[in-house]
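*Asks:* For reference, the file input.pdb (PDB, C-alpha atoms and all ligand atoms) is included below:
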ATOM      1  CA  ALA A 297     -11.682  55.852 -50.576
ATOM      2  CA  LYS A 298     -12.053  56.168 -46.822
ATOM      3  CA  ASN A 299     -15.083  58.530 -46.959
ATOM      4  CA  LYS A 300     -16.774  56.567 -49.641
ATOM      5  CA  GLY A 301     -16.261  53.333 -47.703
ATOM      6  CA  ARG A 302     -17.870  54.767 -44.595
ATOM      7  CA  ASN A 303     -20.997  55.916 -46.384
ATOM      8  CA  ALA A 304     -21.290  52.663 -48.222
ATOM      9  CA  TYR A 305     -21.337  50.781 -44.936
ATOM     10  CA  GLU A 306     -23.846  52.994 -43.186
ATOM     11  CA  PHE A 307     -26.340  53.339 -45.994
ATOM     12  CA  TYR A 308     -26.085  50.517 -48.441
ATOM     13  CA  ARG A 309     -25.875  47.305 -46.494
ATOM     14  CA  PRO A 310     -28.593  45.257 -48.193
ATOM     15  CA  GLU A 311     -29.660  43.446 -45.010
ATOM     16  CA  MET A 312     -30.180  46.794 -43.255
ATOM     17  CA  THR A 313     -32.435  48.052 -46.037
ATOM     18  CA  THR A 314     -34.459  44.864 -45.954
ATOM     19  CA  ALA A 315     -34.877  45.007 -42.203
ATOM     20  CA  ALA A 316     -35.963  48.661 -42.251
ATOM     21  CA  SER A 317     -38.460  48.198 -45.050
ATOM     22  CA  GLU A 318     -39.850  45.107 -43.375
ATOM     23  CA  LEU A 319     -40.291  47.032 -40.120
ATOM     24  CA  LEU A 320     -42.120  49.755 -42.040
ATOM     25  CA  ALA A 321     -44.329  47.210 -43.766
ATOM     26  CA  ILE A 322     -45.249  45.585 -40.440
ATOM     27  CA  ASP A 323     -45.919  48.988 -38.882
ATOM     28  CA  ARG A 324     -48.177  50.021 -41.756
ATOM     29  CA  GLY A 325     -49.949  46.666 -41.757
ATOM     30  CA  LEU A 326     -50.545  46.861 -38.009
ATOM     31  CA  ARG A 327     -52.042  50.351 -38.141
ATOM     32  CA  ASN A 328     -54.470  49.018 -40.710
ATOM     33  CA  ALA A 329     -55.046  45.865 -38.628
ATOM     34  CA  ILE A 330     -56.318  47.893 -35.662
ATOM     35  CA  GLN A 331     -58.810  49.760 -37.833
ATOM     36  CA  SER A 332     -60.031  46.794 -39.816
ATOM     37  CA  ASN A 333     -60.467  44.334 -36.966
ATOM     38  CA  GLN A 334     -57.645  41.966 -37.823
ATOM     39  CA  LEU A 335     -56.480  41.575 -34.235
ATOM     40  CA  VAL A 336     -57.857  38.672 -32.229
ATOM     41  CA  VAL A 337     -57.456  37.757 -28.570
ATOM     42  CA  LEU A 338     -56.988  34.098 -27.633
ATOM     43  CA  TYR A 339     -57.275  32.865 -24.047
ATOM     44  CA  GLN A 340     -55.006  30.239 -22.465
ATOM     45  CA  PRO A 341     -56.221  28.790 -19.160
ATOM     46  CA  LYS A 342     -53.944  28.329 -16.136
ATOM     47  CA  ILE A 343     -54.597  25.360 -13.856
ATOM     48  CA  GLU A 344     -54.660  25.383 -10.068
ATOM     49  CA  LEU A 345     -52.549  22.305  -9.306
ATOM     50  CA  SER A 346     -54.145  21.408  -5.971
ATOM     51  CA  THR A 347     -57.641  21.156  -7.475
ATOM     52  CA  GLY A 348     -57.293  20.835 -11.259
ATOM     53  CA  ARG A 349     -59.582  23.812 -11.634
ATOM     54  CA  ILE A 350     -59.060  26.707 -14.028
ATOM     55  CA  ALA A 351     -57.334  29.394 -11.966
ATOM     56  CA  GLY A 352     -57.421  32.097 -14.599
ATOM     57  CA  VAL A 353     -56.830  32.736 -18.290
ATOM     58  CA  GLU A 354     -54.156  34.727 -20.112
ATOM     59  CA  ALA A 355     -55.105  36.978 -23.028
ATOM     60  CA  LEU A 356     -52.711  36.452 -25.965
ATOM     61  CA  VAL A 357     -53.041  38.623 -29.048
ATOM     62  CA  ARG A 358     -52.919  37.347 -32.650
ATOM     63  CA  TRP A 359     -52.893  39.218 -35.943
ATOM     64  CA  HIS A 360     -55.017  37.695 -38.666
ATOM     65  CA  PRO A 361     -54.415  39.486 -41.994
ATOM     66  CA  PRO A 362     -57.066  38.658 -44.641
ATOM     67  CA  SER A 363     -56.383  35.419 -46.532
ATOM     68  CA  GLN A 364     -53.220  34.708 -44.555
ATOM     69  CA  GLY A 365     -52.440  32.600 -41.506
ATOM     70  CA  MET A 366     -52.528  33.942 -37.949
ATOM     71  CA  ARG A 367     -49.380  35.870 -37.048
ATOM     72  CA  SER A 368     -47.874  35.278 -33.639
ATOM     73  CA  PRO A 369     -47.163  38.287 -31.409
ATOM     74  CA  ASP A 370     -43.443  37.487 -31.476
ATOM     75  CA  SER A 371     -43.484  38.611 -35.135
ATOM     76  CA  PHE A 372     -45.050  42.039 -34.545
ATOM     77  CA  ILE A 373     -45.165  43.166 -30.888
ATOM     78  CA  HIS A 374     -41.480  44.176 -30.942
ATOM     79  CA  VAL A 375     -42.175  46.363 -33.989
ATOM     80  CA  ALA A 376     -45.093  48.051 -32.237
ATOM     81  CA  GLU A 377     -42.827  48.570 -29.212
ATOM     82  CA  GLU A 378     -40.402  50.573 -31.379
ATOM     83  CA  THR A 379     -43.083  53.209 -31.935
ATOM     84  CA  SER A 380     -45.982  54.285 -29.784
ATOM     85  CA  LEU A 381     -48.204  51.887 -31.730
ATOM     86  CA  ILE A 382     -47.973  49.504 -28.765
ATOM     87  CA  ASP A 383     -50.050  52.052 -26.799
ATOM     88  CA  ARG A 384     -52.890  51.759 -29.303
ATOM     89  CA  ILE A 385     -52.606  47.983 -29.523
ATOM     90  CA  GLY A 386     -52.489  47.764 -25.727
ATOM     91  CA  ASP A 387     -55.629  49.900 -25.496
ATOM     92  CA  TRP A 388     -57.335  47.744 -28.083
ATOM     93  CA  ILE A 389     -56.474  44.548 -26.175
ATOM     94  CA  PHE A 390     -57.623  46.004 -22.880
ATOM     95  CA  ASP A 391     -60.949  47.031 -24.432
ATOM     96  CA  ALA A 392     -61.303  43.582 -25.989
ATOM     97  CA  VAL A 393     -60.753  41.949 -22.577
ATOM     98  CA  CYS A 394     -63.274  44.262 -20.873
ATOM     99  CA  ASN A 395     -65.830  43.451 -23.584
ATOM    100  CA  GLN A 396     -65.138  39.749 -23.130
ATOM    101  CA  ILE A 397     -65.722  40.014 -19.390
ATOM    102  CA  ARG A 398     -69.030  41.803 -20.007
ATOM    103  CA  GLU A 399     -70.088  39.145 -22.492
ATOM    104  CA  TRP A 400     -69.136  36.229 -20.231
ATOM    105  CA  LYS A 401     -70.871  37.904 -17.300
ATOM    106  CA  ASP A 402     -74.056  38.343 -19.349
ATOM    107  CA  ARG A 403     -73.926  34.692 -20.330
ATOM    108  CA  GLN A 404     -73.438  33.581 -16.731
ATOM    109  CA  VAL A 405     -69.988  32.119 -17.292
ATOM    110  CA  PRO A 406     -68.373  31.389 -13.888
ATOM    111  CA  PRO A 407     -66.117  34.336 -12.972
ATOM    112  CA  VAL A 408     -62.425  34.079 -13.815
ATOM    113  CA  ARG A 409     -59.453  36.418 -13.706
ATOM    114  CA  ILE A 410     -57.991  37.427 -17.074
ATOM    115  CA  ALA A 411     -54.286  38.237 -17.325
ATOM    116  CA  VAL A 412     -53.165  40.925 -19.764
ATOM    117  CA  ASN A 413     -49.553  41.317 -20.942
ATOM    118  CA  VAL A 414     -48.270  44.883 -20.706
ATOM    119  CA  SER A 415     -45.088  46.015 -22.497
ATOM    120  CA  ALA A 416     -42.433  48.123 -20.774
ATOM    121  CA  ARG A 417     -43.012  50.884 -23.296
ATOM    122  CA  GLN A 418     -46.656  51.296 -22.222
ATOM    123  CA  PHE A 419     -45.522  52.406 -18.757
ATOM    124  CA  ARG A 420     -43.672  55.328 -20.345
ATOM    125  CA  ASN A 421     -47.032  56.918 -21.101
ATOM    126  CA  PRO A 422     -47.681  59.011 -17.956
ATOM    127  CA  HIS A 423     -51.437  58.569 -18.458
ATOM    128  CA  TYR A 424     -51.327  54.786 -18.712
ATOM    129  CA  VAL A 425     -52.688  53.904 -15.272
ATOM    130  CA  GLU A 426     -55.382  56.585 -15.375
ATOM    131  CA  ASN A 427     -56.327  55.494 -18.863
ATOM    132  CA  ILE A 428     -56.967  51.874 -17.908
ATOM    133  CA  ARG A 429     -58.572  52.855 -14.616
ATOM    134  CA  LYS A 430     -61.203  54.728 -16.652
ATOM    135  CA  LYS A 431     -61.728  51.791 -18.977
ATOM    136  CA  LEU A 432     -62.134  49.463 -16.036
ATOM    137  CA  ALA A 433     -64.558  51.816 -14.270
ATOM    138  CA  ALA A 434     -66.617  52.119 -17.450
ATOM    139  CA  CYS A 435     -67.327  48.415 -17.560
ATOM    140  CA  SER A 436     -67.549  47.307 -13.925
ATOM    141  CA  PRO A 437     -68.845  45.836 -11.696
ATOM    142  CA  PHE A 438     -67.277  42.599 -12.791
ATOM    143  CA  ASP A 439     -68.743  40.434 -10.008
ATOM    144  CA  GLY A 440     -65.757  38.158  -9.491
ATOM    145  CA  PHE A 441     -64.179  38.649 -12.879
ATOM    146  CA  GLY A 442     -60.936  40.590 -12.636
ATOM    147  CA  VAL A 443     -57.839  41.617 -14.495
ATOM    148  CA  ASP A 444     -54.238  40.656 -13.764
ATOM    149  CA  VAL A 445     -51.312  42.547 -15.219
ATOM    150  CA  GLU A 446     -48.304  40.559 -16.465
ATOM    151  CA  VAL A 447     -45.028  42.458 -16.797
ATOM    152  CA  THR A 448     -41.727  40.800 -17.617
ATOM    153  CA  GLU A 449     -38.829  40.779 -15.226
ATOM    154  CA  THR A 450     -36.932  42.895 -17.796
ATOM    155  CA  THR A 451     -39.659  45.562 -17.658
ATOM    156  CA  LEU A 452     -39.140  45.873 -13.903
ATOM    157  CA  GLN A 453     -35.513  46.695 -14.506
ATOM    158  CA  SER A 454     -35.918  48.975 -17.527
ATOM    159  CA  GLU A 455     -38.638  51.376 -16.415
ATOM    160  CA  PRO A 456     -37.767  53.604 -13.446
ATOM    161  CA  SER A 457     -41.420  54.585 -12.883
ATOM    162  CA  ILE A 458     -42.614  50.990 -12.734
ATOM    163  CA  ALA A 459     -42.827  50.586  -8.946
ATOM    164  CA  GLU A 460     -45.177  53.552  -8.618
ATOM    165  CA  ALA A 461     -47.285  52.444 -11.596
ATOM    166  CA  LEU A 462     -47.643  48.932 -10.145
ATOM    167  CA  ARG A 463     -48.651  50.337  -6.759
ATOM    168  CA  GLN A 464     -51.361  52.407  -8.435
ATOM    169  CA  LEU A 465     -52.585  49.437 -10.474
ATOM    170  CA  LYS A 466     -52.707  47.342  -7.337
ATOM    171  CA  ALA A 467     -54.653  50.065  -5.534
ATOM    172  CA  ILE A 468     -57.363  49.973  -8.209
ATOM    173  CA  GLY A 469     -57.767  46.208  -7.968
ATOM    174  CA  PHE A 470     -55.312  44.629 -10.389
ATOM    175  CA  THR A 471     -53.065  41.791  -9.335
ATOM    176  CA  ILE A 472     -49.499  41.816 -10.591
ATOM    177  CA  ALA A 473     -47.567  38.895 -12.087
ATOM    178  CA  ILE A 474     -43.900  38.913 -13.049
ATOM    179  CA  ASP A 475     -43.613  37.136 -16.392
ATOM    180  CA  ASP A 476     -40.601  35.188 -17.723
ATOM    181  CA  PHE A 477     -39.218  35.092 -14.199
ATOM    182  CA  GLY A 478     -35.656  33.832 -13.828
ATOM    183  CA  THR A 479     -34.383  35.368 -17.066
ATOM    184  CA  GLY A 480     -33.574  38.759 -15.518
ATOM    185  CA  TYR A 481     -31.686  39.588 -12.390
ATOM    186  CA  SER A 482     -34.222  40.738  -9.820
ATOM    187  CA  SER A 483     -32.917  40.677  -6.290
ATOM    188  CA  LEU A 484     -34.984  39.353  -3.428
ATOM    189  CA  SER A 485     -35.081  42.813  -1.892
ATOM    190  CA  SER A 486     -36.325  44.470  -5.086
ATOM    191  CA  LEU A 487     -39.097  41.872  -5.305
ATOM    192  CA  LYS A 488     -40.076  42.516  -1.723
ATOM    193  CA  GLN A 489     -40.381  46.218  -2.421
ATOM    194  CA  LEU A 490     -42.704  45.762  -5.392
ATOM    195  CA  PRO A 491     -46.421  45.019  -5.009
ATOM    196  CA  VAL A 492     -46.113  41.659  -6.747
ATOM    197  CA  ASP A 493     -48.593  38.763  -6.290
ATOM    198  CA  THR A 494     -47.329  36.113  -8.691
ATOM    199  CA  LEU A 495     -44.126  34.799 -10.278
ATOM    200  CA  LYS A 496     -44.334  32.985 -13.605
ATOM    201  CA  ILE A 497     -41.321  30.698 -14.075
ATOM    202  CA  ASP A 498     -39.976  31.218 -17.588
ATOM    203  CA  ARG A 499     -40.708  28.439 -20.048
ATOM    204  CA  SER A 500     -37.005  27.981 -20.865
ATOM    205  CA  PHE A 501     -36.467  26.396 -17.425
ATOM    206  CA  ILE A 502     -39.571  24.200 -17.509
ATOM    207  CA  GLU A 503     -38.565  22.979 -20.968
ATOM    208  CA  GLU A 504     -35.368  21.366 -19.585
ATOM    209  CA  ILE A 505     -37.041  19.488 -16.737
ATOM    210  CA  PRO A 506     -36.005  16.826 -15.777
ATOM    211  CA  ASP A 507     -32.784  16.453 -17.811
ATOM    212  CA  GLY A 508     -31.224  19.903 -17.400
ATOM    213  CA  PRO A 509     -29.813  19.982 -13.866
ATOM    214  CA  ASP A 510     -29.372  23.782 -13.808
ATOM    215  CA  SER A 511     -32.865  24.596 -15.085
ATOM    216  CA  THR A 512     -34.387  22.044 -12.731
ATOM    217  CA  ALA A 513     -32.537  23.577  -9.780
ATOM    218  CA  ILE A 514     -33.565  27.104 -10.844
ATOM    219  CA  ALA A 515     -37.224  26.088 -11.148
ATOM    220  CA  SER A 516     -37.307  24.620  -7.642
ATOM    221  CA  ALA A 517     -35.408  27.610  -6.253
ATOM    222  CA  ILE A 518     -37.951  30.022  -7.775
ATOM    223  CA  ILE A 519     -40.829  28.035  -6.263
ATOM    224  CA  ALA A 520     -39.212  28.037  -2.802
ATOM    225  CA  MET A 521     -38.240  31.699  -3.007
ATOM    226  CA  GLY A 522     -41.660  32.762  -4.264
ATOM    227  CA  HIS A 523     -43.351  30.899  -1.422
ATOM    228  CA  SER A 524     -41.016  32.395   1.176
ATOM    229  CA  LEU A 525     -42.154  35.819  -0.052
ATOM    230  CA  GLY A 526     -45.796  34.751   0.099
ATOM    231  CA  LEU A 527     -46.245  34.785  -3.685
ATOM    232  CA  THR A 528     -48.194  32.492  -5.994
ATOM    233  CA  VAL A 529     -45.884  30.611  -8.371
ATOM    234  CA  VAL A 530     -46.945  29.569 -11.875
ATOM    235  CA  ALA A 531     -45.016  27.207 -14.170
ATOM    236  CA  GLU A 532     -45.422  28.226 -17.805
ATOM    237  CA  GLY A 533     -44.896  26.042 -20.853
ATOM    238  CA  VAL A 534     -45.704  22.715 -19.155
ATOM    239  CA  GLU A 535     -45.821  20.182 -21.991
ATOM    240  CA  THR A 536     -45.095  16.773 -20.424
ATOM    241  CA  GLN A 537     -46.309  14.633 -17.516
ATOM    242  CA  GLU A 538     -42.748  14.595 -16.155
ATOM    243  CA  GLN A 539     -42.613  18.381 -16.024
ATOM    244  CA  LEU A 540     -46.028  18.423 -14.378
ATOM    245  CA  LYS A 541     -45.010  15.855 -11.762
ATOM    246  CA  PHE A 542     -41.868  17.828 -10.979
ATOM    247  CA  VAL A 543     -43.621  21.160 -10.419
ATOM    248  CA  VAL A 544     -46.390  19.469  -8.406
ATOM    249  CA  ASP A 545     -43.783  17.745  -6.185
ATOM    250  CA  GLN A 546     -42.057  21.083  -5.637
ATOM    251  CA  GLY A 547     -45.338  22.610  -4.462
ATOM    252  CA  CYS A 548     -45.865  24.952  -7.421
ATOM    253  CA  ASP A 549     -49.326  26.570  -7.265
ATOM    254  CA  GLU A 550     -50.423  26.794 -10.891
ATOM    255  CA  ALA A 551     -49.380  25.571 -14.330
ATOM    256  CA  GLN A 552     -50.008  26.688 -17.862
ATOM    257  CA  GLY A 553     -48.992  24.907 -21.044
ATOM    258  CA  PHE A 554     -49.885  22.712 -23.983
ATOM    259  CA  LEU A 555     -50.236  19.670 -21.678
ATOM    260  CA  PHE A 556     -53.476  21.287 -20.500
ATOM    261  CA  PHE A 557     -54.525  23.887 -23.057
ATOM    262  CA  SER A 558     -53.211  25.781 -26.059
ATOM    263  CA  PRO A 559     -54.427  29.366 -26.413
ATOM    264  CA  LEU A 560     -58.164  29.042 -27.246
ATOM    265  CA  SER A 561     -60.695  31.174 -29.058
ATOM    266  CA  ALA A 562     -63.079  32.979 -26.710
ATOM    267  CA  GLN A 563     -65.856  30.516 -27.636
ATOM    268  CA  GLU A 564     -63.746  27.426 -26.933
ATOM    269  CA  CYS A 565     -62.468  28.946 -23.714
ATOM    270  CA  GLU A 566     -66.028  29.689 -22.594
ATOM    271  CA  GLN A 567     -66.934  25.993 -22.871
ATOM    272  CA  PHE A 568     -64.097  25.020 -20.540
ATOM    273  CA  LEU A 569     -64.962  27.816 -18.115
ATOM    274  CA  MET A 570     -68.508  26.467 -17.981
ATOM    275  CA  LYS A 571     -67.090  23.062 -16.995
ATOM    276  CA  GLY A 572     -64.588  24.647 -14.591
ATOM    277  CA  SER A 573     -61.835  22.038 -14.722
ATOM    278  CA  VAL A 574     -59.698  20.031 -17.126
TER     279      VAL A 574
HETATM  280  P1  LIG A 601     -45.664  35.179 -22.829
HETATM  281  O1  LIG A 601     -46.439  36.254 -22.154
HETATM  282  O2  LIG A 601     -44.530  34.573 -22.090
HETATM  283  O3  LIG A 601     -46.756  34.114 -23.271
HETATM  284  C1  LIG A 601     -46.530  32.727 -23.274
HETATM  285  C2  LIG A 601     -46.279  32.227 -24.677
HETATM  286  O4  LIG A 601     -46.000  30.841 -24.616
HETATM  287  C3  LIG A 601     -47.489  32.351 -25.592
HETATM  288  O5  LIG A 601     -46.996  32.564 -26.905
HETATM  289  C4  LIG A 601     -48.131  30.972 -25.485
HETATM  290  O6  LIG A 601     -48.933  30.649 -26.603
HETATM  291  C5  LIG A 601     -46.902  30.115 -25.423
HETATM  292  N1  LIG A 601     -47.131  28.833 -24.755
HETATM  293  C6  LIG A 601     -48.051  28.527 -23.811
HETATM  294  N2  LIG A 601     -47.917  27.253 -23.403
HETATM  295  C7  LIG A 601     -46.883  26.723 -24.095
HETATM  296  C8  LIG A 601     -46.260  25.428 -24.123
HETATM  297  O7  LIG A 601     -46.626  24.505 -23.396
HETATM  298  N3  LIG A 601     -45.209  25.273 -24.964
HETATM  299  C9  LIG A 601     -44.753  26.273 -25.775
HETATM  300  N4  LIG A 601     -43.730  26.015 -26.574
HETATM  301  N5  LIG A 601     -45.334  27.517 -25.776
HETATM  302  C10 LIG A 601     -46.378  27.732 -24.950
HETATM  303  P2  LIG A 601     -47.617  33.703 -27.838
HETATM  304  O8  LIG A 601     -49.101  33.746 -27.676
HETATM  305  O9  LIG A 601     -47.058  33.476 -29.209
HETATM  306  O10 LIG A 601     -47.036  35.024 -27.219
HETATM  307  C11 LIG A 601     -45.656  35.298 -27.264
HETATM  308  C12 LIG A 601     -45.331  36.527 -26.463
HETATM  309  O11 LIG A 601     -45.897  37.698 -27.071
HETATM  310  C13 LIG A 601     -45.899  36.494 -25.046
HETATM  311  O12 LIG A 601     -45.059  35.725 -24.224
HETATM  312  C14 LIG A 601     -45.902  37.964 -24.709
HETATM  313  O13 LIG A 601     -44.631  38.377 -24.302
HETATM  314  C15 LIG A 601     -46.221  38.597 -26.046
HETATM  315  N6  LIG A 601     -47.658  38.934 -26.093
HETATM  316  C16 LIG A 601     -48.713  38.130 -26.351
HETATM  317  N7  LIG A 601     -49.869  38.800 -26.267
HETATM  318  C17 LIG A 601     -49.541  40.060 -25.904
HETATM  319  C18 LIG A 601     -50.299  41.249 -25.642
HETATM  320  O14 LIG A 601     -51.546  41.261 -25.671
HETATM  321  N8  LIG A 601     -49.595  42.384 -25.312
HETATM  322  C19 LIG A 601     -48.235  42.381 -25.239
HETATM  323  N9  LIG A 601     -47.619  43.523 -24.896
HETATM  324  N10 LIG A 601     -47.493  41.293 -25.466
HETATM  325  C20 LIG A 601     -48.140  40.142 -25.797
HETATM  326 CA    CA A 602     -47.418  36.450 -20.232
HETATM  327 CA    CA A 603     -43.883  34.133 -20.084
HETATM  328 CA    CA A 604     -42.120  35.449 -23.169
END
Represent the structure from my file as structure tokens, please.

*Replies:*
Amino acid sequence: AKNKGRNAYEFYRPEMTTAASELLAIDRGLRNAIQSNQLVVLYQPKIELSTGRIAGVEALVRWHPPSQGMRSPDSFIHVAEETSLIDRIGDWIFDAVCNQIREWKDRQVPPVRIAVNVSARQFRNPHYVENIRKKLAACSPFDGFGVDVEVTETTLQSEPSIAEALRQLKAIGFTIAIDDFGTGYSSLSSLKQLPVDTLKIDRSFIEEIPDGPDSTAIASAIIAMGHSLGLTVVAEGVETQEQLKFVVDQGCDEAQGFLFFSPLSAQECEQFLMKGSV
């Protein structure tokens, strides 16, 4: 009975089977999505708080399967990260952003920096930096347009080669933002040793302003700490006037969130870039 019981647990738990087959289905669907142009990049502007001008835009991927709604990256990026599929998706997104820069440049859209999210797993590819350096070289000069790399605080801690990769990216003209900041455990000294330009305060803290005393204290501490290290600090997920007032009062540099803009199609985003401010 003992042996049988063990096998039954490892191989026949219905929820395990469902999860595995769903992962496989997503993986298969995604491979097809890359080939048949079902991935779309949306752009969410960030606002410079001292001027109200658009400080940059963040590229956010969506998956649009035929005759279905848009799928959010939270439903598929983690699956792609389990396999090397994230490398292909990452390449696709980077190419899409380079093409967008070329198009906006041709159409005389005022230059803006575009932030690209990079998964921890992508840094495990030893050719990653060289690969995107080539892509970038193939489509420059950008004349004021530029690319920022966003890596999460967790990525910094999980990938041993990250410091060197970030230094190389920085050397070829990228700026580096730490995403979801405050949710990991980066020390001040580790931050000082990395070639970081920007901290993005995680949305979970901004969400609880002004009623959550801990989150409010953490948000102001991140702003003060970031400034003491000479970094730009961005509040993400700003949805209310109260949250905006708080981060402005604390001297935060930039904000991003539904209060200003949702992620926009390239065409919609272009119209706002032409105007320059909110
Ligand atoms: P993230 O990088 O932290 O991106 C911010 C997420 O917050 C986006 O969700 C954005 O649409 C959403 N957001 C922006 N403002 C607000 C707001 O005011 N309120 C609320 N509730 N949400 C807001 P999205 O686009 O669904 O992306 C989710 C995550 O998927 C991203 O989190 C990022 O980690 C990942 N992701 C998105 N695009 C890419 C990509 O191209 N490559 C990789 N590797 N990951 C990506
Ligand atoms: Ca991000
Ligand atoms: Ca974030
Ligand atoms: Ca996030």

*Asks:* Residues of stretch 535-562 of chain A that have any atom at most 12 Å from an atom of stretch 348-363 of chain A: could you tabulate them with the shortest-distance atom pair and the distance in Å to one decimal, using all atoms listed in the file, ordered by chain and increasing number, as a tab-separated table?

*Replies:*
residue	atom	partner	partner_atom	distance
A:Leu540	CA	A:Gly348	CA	11.9
A:Val544	CA	A:Gly348	CA	11.4
A:Asp549	CA	A:Ala351	CA	9.7
A:Glu550	CA	A:Ala351	CA	7.5
A:Ala551	CA	A:Ala351	CA	9.1
A:Gln552	CA	A:Val353	CA	9.1
A:Gly553	CA	A:Glu354	CA	11.1
A:Phe556	CA	A:Gly348	CA	10.0
A:Phe557	CA	A:Val353	CA	10.3
A:Ser558	CA	A:Leu356	CA	10.7
A:Pro559	CA	A:Leu356	CA	7.3
A:Leu560	CA	A:Leu356	CA	9.3
A:Ser561	CA	A:Leu356	CA	10.1
A:Ala562	CA	A:Ala355	CA	9.7

*Asks:* Would you mind telling me which residue in A:Asp476, A:Asp507, A:Glu566, A:Asp545 lies nearest to A:Gly533 when using only C-alpha atoms?

*Replies:*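 Looking only at the distances to A:Gly533, the closest residue turns out to be A:Asp476.
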
*Asks:* Select, from A:Asp444, A:Asp323, A:Asp498, A:Glu504, the residue with the minimum atom-to-atom distance to ligand LIG 601 (chain A), counting all atoms listed in the file.

*Replies:*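 Closest to ligand LIG 601 (chain A) of all the choices is A:Asp498.
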
*Asks:* For the PyMOL selection byres (((chain A and resi 479-487) around 12) and not hetatm), applied here, can you spell out every residue it catches as a compact mmCIF listing (two decimals) with C-alpha atoms, in the frame of the given file?

*Replies:*
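Wrote it out as part.txt, contents follow:
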# COMPACT_ATOMS: atom_id res chain seq x y z
CA THR A 448 -41.73 40.80 -17.62
CA GLU A 449 -38.83 40.78 -15.23
CA THR A 450 -36.93 42.90 -17.80
CA THR A 451 -39.66 45.56 -17.66
CA LEU A 452 -39.14 45.87 -13.90
CA GLN A 453 -35.51 46.70 -14.51
CA SER A 454 -35.92 48.98 -17.53
CA ILE A 458 -42.61 50.99 -12.73
CA ALA A 459 -42.83 50.59 -8.95
CA ILE A 472 -49.50 41.82 -10.59
CA ALA A 473 -47.57 38.90 -12.09
CA ILE A 474 -43.90 38.91 -13.05
CA ASP A 475 -43.61 37.14 -16.39
CA ASP A 476 -40.60 35.19 -17.72
CA PHE A 477 -39.22 35.09 -14.20
CA GLY A 478 -35.66 33.83 -13.83
CA LYS A 488 -40.08 42.52 -1.72
CA GLN A 489 -40.38 46.22 -2.42
CA LEU A 490 -42.70 45.76 -5.39
CA PRO A 491 -46.42 45.02 -5.01
CA VAL A 492 -46.11 41.66 -6.75
CA ASP A 493 -48.59 38.76 -6.29
CA THR A 494 -47.33 36.11 -8.69
CA LEU A 495 -44.13 34.80 -10.28
CA LYS A 496 -44.33 32.98 -13.60
CA ILE A 497 -41.32 30.70 -14.08
CA ASP A 498 -39.98 31.22 -17.59
CA ARG A 499 -40.71 28.44 -20.05
CA SER A 500 -37.01 27.98 -20.86
CA PHE A 501 -36.47 26.40 -17.42
CA SER A 511 -32.86 24.60 -15.08
CA ILE A 514 -33.56 27.10 -10.84
CA ALA A 515 -37.22 26.09 -11.15
CA ILE A 518 -37.95 30.02 -7.78
CA MET A 521 -38.24 31.70 -3.01
CA GLY A 522 -41.66 32.76 -4.26
CA SER A 524 -41.02 32.40 1.18
CA LEU A 525 -42.15 35.82 -0.05
CA GLY A 526 -45.80 34.75 0.10
CA LEU A 527 -46.24 34.78 -3.68

*Asks:* For A:Gln404, which residue out of A:Met570, A:Cys565, A:Ile373, A:Ala315 is the nearest one, using all atoms listed in the file?

*Replies:*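 The shortest atom-to-atom distance to A:Gln404 comes from A:Met570.
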
*Asks:* Which is closer to A:Ala517 than all the others in A:Glu538, A:Glu446, A:Cys548, A:Ser457, using only C-alpha atoms?

*Replies:* A:Cys548

*Asks:* Hey, could you pull the box centre and edge lengths for stretch 498-505 of chain A, axis-aligned, 6 Å padding per side, all listed atoms, to one decimal in Å, as lines of an AutoDock Vina configuration file?

*Replies:*
center_x = -38.0
center_y = 25.4
center_z = -18.9
size_x = 17.3
size_y = 23.7
size_z = 16.2

*Asks:* Take atom CA of A:Thr379 and atom O3 of ligand LIG 601 (chain A) and report the distance between them in Å, one decimal.

*Replies:*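 Result for atom CA of A:Thr379 versus atom O3 of ligand LIG 601 (chain A): 21.3 Å, one decimal.
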
*Asks:* Can you list, as number ranges by chain, the residues that the PyMOL selection byres (((chain A and resi 428-436) around 12) and not hetatm) selects here?

*Replies:* A: 383, 386-399, 401, 412, 414, 418-419, 421-427, 437-443, 445, 461, 464-470

*Asks:* What is the distance between atom CA of A:Leu320 and atom CA of ligand CA 604 (chain A), in Å to one decimal?

*Replies:*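 Here the two named atoms are 23.7 Å from each other.
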
*Asks:* Might you pull out every residue within 10 Å of A:Thr536, with all atoms listed in the file counted and same-chain residues fewer than 6 positions away left off, and present them as a list in words?

*Replies:*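 Contacts, with the query itself left out: Ile502, Glu503, Ile505, Gly553, Phe554, Leu555 and Phe556 of chain A.
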
*Asks:* Suppose you want the space between atom O12 of ligand LIG 601 (chain A) and atom CA of A:Glu532; what is it in Å?

*Replies:*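 Distance reported for this atom pair: 9.9 Å.
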